[in-house]
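**Q** First, the structure itself, so that you have it in front of you.
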Amino acid sequence: MNSIDALKELLYKMADDQLIIGHRNSEWTGLGPILEEDIAFSSMAQDKIGQSEHLYNLLNQLGEADADTVAFTRNANQFHSSKLVELPIGDYSFSLIRHFLFDFSEYLRFEALRSSAYEPLAQVSKKFFGEIKYHTMHANTWVNQLGNGNEESHRKMQESLNFAWNYALGIFEPGPAENILVDEYIFIGEESLKNRWLDTIIPLLKKSGLTIPSEDTWKPIYGGRTGVHSENLQPLLEEMTEVYSIDPSADW
Amino acid sequence: MITEAYIREELKQVKDPEIPTISIVDLGIVTGIKIDNTDVHVTLTPTFAGCPALRLMEDMVVDHLNTNNKLGNISVETSFETTWTTDLITPEGHVAIKKHGLAPPRRNCSNISMEILESTNCPYCDSENTSMKSPFGPTLCRSLHYCNNCKQAFEGFKPV
């Protein structure tokens, strides 16, 4: 694998993560438990889908198909998103915990990528970093409030955290060419990112009265990065592309 | 001779489609103007990556400059080379935002925190006695607040 292929692999997994979590977030539109949360998840969906488009545009500049084609014409086994993001929205505690775990990983990913040697990626990362700050502030506020809330809210948050944990570790599935990305200063690599993530979220979860599963039970759920997905992704793609598929040549 | 200042003045006629009191110049998104004889190339930087008005604003720039018969070929590109932050909004821009009924963003040097959002002055009565209700509002660039002084809900232009 050369450095361009390694870079494409990195861009694909980031863009696909953004698109799929963006779609899941949008499923709260009209259904949020309170109006402000309805708006929050809808806004975050818009941010993430917008960010995915810019990442697909970077891939386009590297010779891949255009953003719409890439986003709307692939099957599940061609997606590089982590399994965490394709899981159904579940109950609100799960969506919040996923939002917390995923968005802190993104926040730290884009923070690191601001100094990527691949300048176009560094530029968009600076932009995304400022936007995702709002997502992590939102996630942390709610995780804190509900983790330290009453017995029921605490229990739901803890159960969702337990369920989501190994999926979240799957975000950091090592790519086929981590060493190239690291050696060429394109990216710090998944392992370093995971360590930064753990250092960041563990104290925050503790403050929220939540406990991460004990380390001997950690079993990262991999596969997403190589196109091996759960039964949840294909139906999501079918719903997402329903309108596009009616007439792929339509001009919007 | 066509100068950069001349084009900048022209672009003050192009307003943000979501906040029509502010021009794209005062919003701080015009990050480059290149002039080659009468041809003009304008570079814009996105406010938010997911802003749906992005392409619309590109078209508005082309359409507006095309109405000026002193100018030749007009082209526009969007580039992330300059990262937009709300600190790029001009003082005139702050006035224009307030005129639209939104609280202008605090200067923040990209140091965003809940505290900055909490300390948003009411755009109606200027009171500091306000509460932030949600960092997300009806568009990506707005947050929701309540003024405890004049008992009025209001929106803020989100600092980024």
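Going through the structure tokens in order, the chains are called A, B, and so on, while each chain numbers its residues from 1 and the ligands are numbered from 1 in the order shown.
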Given a cut-off of 12 Å, which residues of chain A touch chain B, counting only C-alpha atoms, written out as an NGL selection string?
**A** :A and (18-19 or 22 or 34-55 or 57-58 or 114 or 119-142 or 252)
**Q** Give me, as a Markdown table, the closest atom pair and its distance (Å, one decimal) for every residue of range 9-42 of chain B within a cut-off of 12 Å of range 146-157 of chain B, counting only C-alpha atoms, rows sorted by chain and rising number.
**A**
```
| residue | atom | partner | partner_atom | distance |
| --- | --- | --- | --- | --- |
| B:Glu18 | CA | B:Phe157 | CA | 11.5 |
| B:Ile19 | CA | B:Phe157 | CA | 10.1 |
| B:Leu27 | CA | B:Phe157 | CA | 11.3 |
```
**Q** Generate the output file for the selected residues, N, CA and C atoms, as a PDB file, in the first residue's frame.
**A**
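Output saved as out.pdb:
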```
ATOM      1  N   GLU B  18     -29.583  33.719   5.011  1.00  0.00           N
ATOM      2  CA  GLU B  18     -30.283  33.382   6.254  1.00  0.00           C
ATOM      3  C   GLU B  18     -30.389  34.572   7.208  1.00  0.00           C
ATOM      4  N   ILE B  19     -29.478  35.547   7.061  1.00  0.00           N
ATOM      5  CA  ILE B  19     -29.527  36.761   7.889  1.00  0.00           C
ATOM      6  C   ILE B  19     -29.372  37.942   6.936  1.00  0.00           C
ATOM      7  N   LEU B  27     -19.676  39.496   7.093  1.00  0.00           N
ATOM      8  CA  LEU B  27     -19.689  38.177   7.716  1.00  0.00           C
ATOM      9  C   LEU B  27     -18.275  37.572   7.757  1.00  0.00           C
TER      10      LEU B  27
END
```
**Q** Would you pick out the contacts of Asp39 in chain B at 12 Å or less, using only C-alpha atoms, so that residues sharing its chain but fewer than 3 positions from it are not included, and give the list as number ranges by chain?
**A** B: 1-4, 7, 33-36, 42, 62, 65-66, 68-76
**Q** So how far away is CA of Leu204 in chain A from CA of Thr120 in chain B, in Å?
**A**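 Separating CA of Thr120 in chain B from CA of Leu204 in chain A is a distance of 26.1 Å.
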**Q** Would you compute the distance between CA of Tyr185 in chain A and CA of Glu111 in chain A? Give it in Å to one decimal.
**A**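 Atom-to-atom, CA of Tyr185 in chain A to CA of Glu111 in chain A, that is 13.9 Å.
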**Q** Report, in Å with one decimal, the straight-line distance from CA of His64 in chain B to CA of Lys15 in chain B.
**A**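 Between these atoms lies a distance of 10.6 Å.
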**Q** Env of Ile97 in chain B: 12 Å cut, atoms = only C-alpha atoms, seq-sep filter 3 positions within chain, self excluded. Answer as a ChimeraX atom specification.
**A** /B:15-16,18-24,26-27,86,89-94,100-105,123-124,141-142,155-158
**Q** Let me see the file: selected residues, N, CA and C atoms, as a compact mmCIF listing (two decimals), in the first residue's frame.
**A**
```
# COMPACT_ATOMS: atom_id res chain seq x y z
N LYS B 15 -26.03 39.71 0.36
CA LYS B 15 -26.36 39.46 1.77
C LYS B 15 -26.42 37.97 2.07
N ASP B 16 -26.20 37.64 3.33
CA ASP B 16 -26.36 36.27 3.79
C ASP B 16 -27.84 35.88 3.63
N GLU B 18 -29.58 33.72 5.01
CA GLU B 18 -30.28 33.38 6.25
C GLU B 18 -30.39 34.57 7.21
N ILE B 19 -29.48 35.55 7.06
CA ILE B 19 -29.53 36.76 7.89
C ILE B 19 -29.37 37.94 6.94
N PRO B 20 -30.46 38.34 6.30
CA PRO B 20 -30.35 39.30 5.18
C PRO B 20 -29.89 40.70 5.56
N THR B 21 -29.65 40.96 6.85
CA THR B 21 -29.13 42.29 7.21
C THR B 21 -27.61 42.36 7.08
N ILE B 22 -26.94 41.20 6.98
CA ILE B 22 -25.47 41.22 6.97
C ILE B 22 -24.95 40.84 5.59
N SER B 23 -23.92 41.58 5.15
CA SER B 23 -23.33 41.26 3.85
C SER B 23 -22.29 40.16 4.03
N ILE B 24 -21.97 39.49 2.94
CA ILE B 24 -20.98 38.42 3.04
C ILE B 24 -19.60 38.98 3.37
N ASP B 26 -19.09 41.62 5.52
CA ASP B 26 -19.10 41.84 6.96
C ASP B 26 -19.16 40.52 7.74
N LEU B 27 -19.68 39.50 7.09
CA LEU B 27 -19.69 38.18 7.72
C LEU B 27 -18.28 37.57 7.76
N THR B 86 -16.07 33.28 14.02
CA THR B 86 -16.92 34.46 14.18
C THR B 86 -16.10 35.71 14.51
N ILE B 89 -16.06 38.41 11.79
CA ILE B 89 -17.20 39.29 11.54
C ILE B 89 -16.81 40.72 11.91
N THR B 90 -17.09 41.66 11.03
CA THR B 90 -16.67 43.05 11.26
C THR B 90 -17.59 43.72 12.30
N PRO B 91 -17.16 44.88 12.86
CA PRO B 91 -18.04 45.62 13.77
C PRO B 91 -19.38 45.98 13.11
N GLU B 92 -19.34 46.33 11.81
CA GLU B 92 -20.59 46.61 11.08
C GLU B 92 -21.45 45.34 11.05
N GLY B 93 -20.77 44.20 10.93
CA GLY B 93 -21.48 42.92 10.91
C GLY B 93 -22.20 42.66 12.22
N HIS B 94 -21.55 43.03 13.32
CA HIS B 94 -22.19 42.85 14.64
C HIS B 94 -23.48 43.68 14.73
N HIS B 100 -31.02 42.16 13.08
CA HIS B 100 -31.85 41.03 12.69
C HIS B 100 -32.49 40.36 13.92
N GLY B 101 -32.18 40.90 15.12
CA GLY B 101 -32.76 40.33 16.34
C GLY B 101 -31.94 39.21 16.95
N LEU B 102 -30.70 39.05 16.48
CA LEU B 102 -29.84 38.01 17.03
C LEU B 102 -28.76 38.65 17.89
N ALA B 103 -28.35 37.93 18.94
CA ALA B 103 -27.24 38.41 19.75
C ALA B 103 -25.95 38.14 18.99
N PRO B 104 -25.10 39.16 18.79
CA PRO B 104 -23.83 38.93 18.09
C PRO B 104 -22.91 38.01 18.90
N PRO B 105 -22.05 37.28 18.21
CA PRO B 105 -21.14 36.35 18.93
C PRO B 105 -20.05 37.10 19.68
N PRO B 123 -30.19 40.76 22.84
CA PRO B 123 -30.13 41.73 21.74
C PRO B 123 -31.22 42.80 21.83
N TYR B 124 -32.22 42.59 22.70
CA TYR B 124 -33.32 43.56 22.80
C TYR B 124 -33.06 44.60 23.88
N CYS B 141 -25.88 28.14 12.66
CA CYS B 141 -25.11 29.23 13.26
C CYS B 141 -25.83 29.87 14.45
N ARG B 142 -26.91 29.29 14.95
CA ARG B 142 -27.64 29.95 16.04
C ARG B 142 -27.79 29.09 17.28
N GLU B 155 -32.40 34.42 20.02
CA GLU B 155 -31.39 33.56 19.43
C GLU B 155 -30.06 34.30 19.38
N GLY B 156 -28.99 33.55 19.51
CA GLY B 156 -27.66 34.14 19.40
C GLY B 156 -26.95 33.60 18.18
N PHE B 157 -26.06 34.41 17.64
CA PHE B 157 -25.18 33.93 16.58
C PHE B 157 -24.05 33.20 17.28
N LYS B 158 -23.94 31.93 17.02
CA LYS B 158 -23.03 31.06 17.78
C LYS B 158 -21.56 31.41 17.56
```
**Q** Considering only C-alpha atoms, state which residue in the set A:Ala112, A:Leu237, A:Ala6, A:Leu87 is at the smallest distance from Glu178 in chain A.
**A** A:Ala6
**Q** Tell me, which residues of range 4-246 of chain A carry DSSP alpha helix (DSSP H), written as a ChimeraX atom specification?
**A** /A:4-26,35-61,67-72,83-86,92-113,119-147,151-169,178-183,190-207,233-240,242-246
**Q** Contacts of range 206-215 of chain A at 12 Å or less, counting only C-alpha atoms, minus same-chain residues fewer than 3 places along, as number ranges by chain?
**A** A: 97, 100-101, 139-151, 153-166, 168-169, 198-203, 218-220
**Q** Show which residues sit within 10 Å of Asn232 in chain A, as a list in words. Count only C-alpha atoms, and ignore same-chain residues fewer than 6 positions away.
**A** Ala76, Lys83, Val85, Glu86, Leu87 and Pro88 of chain A
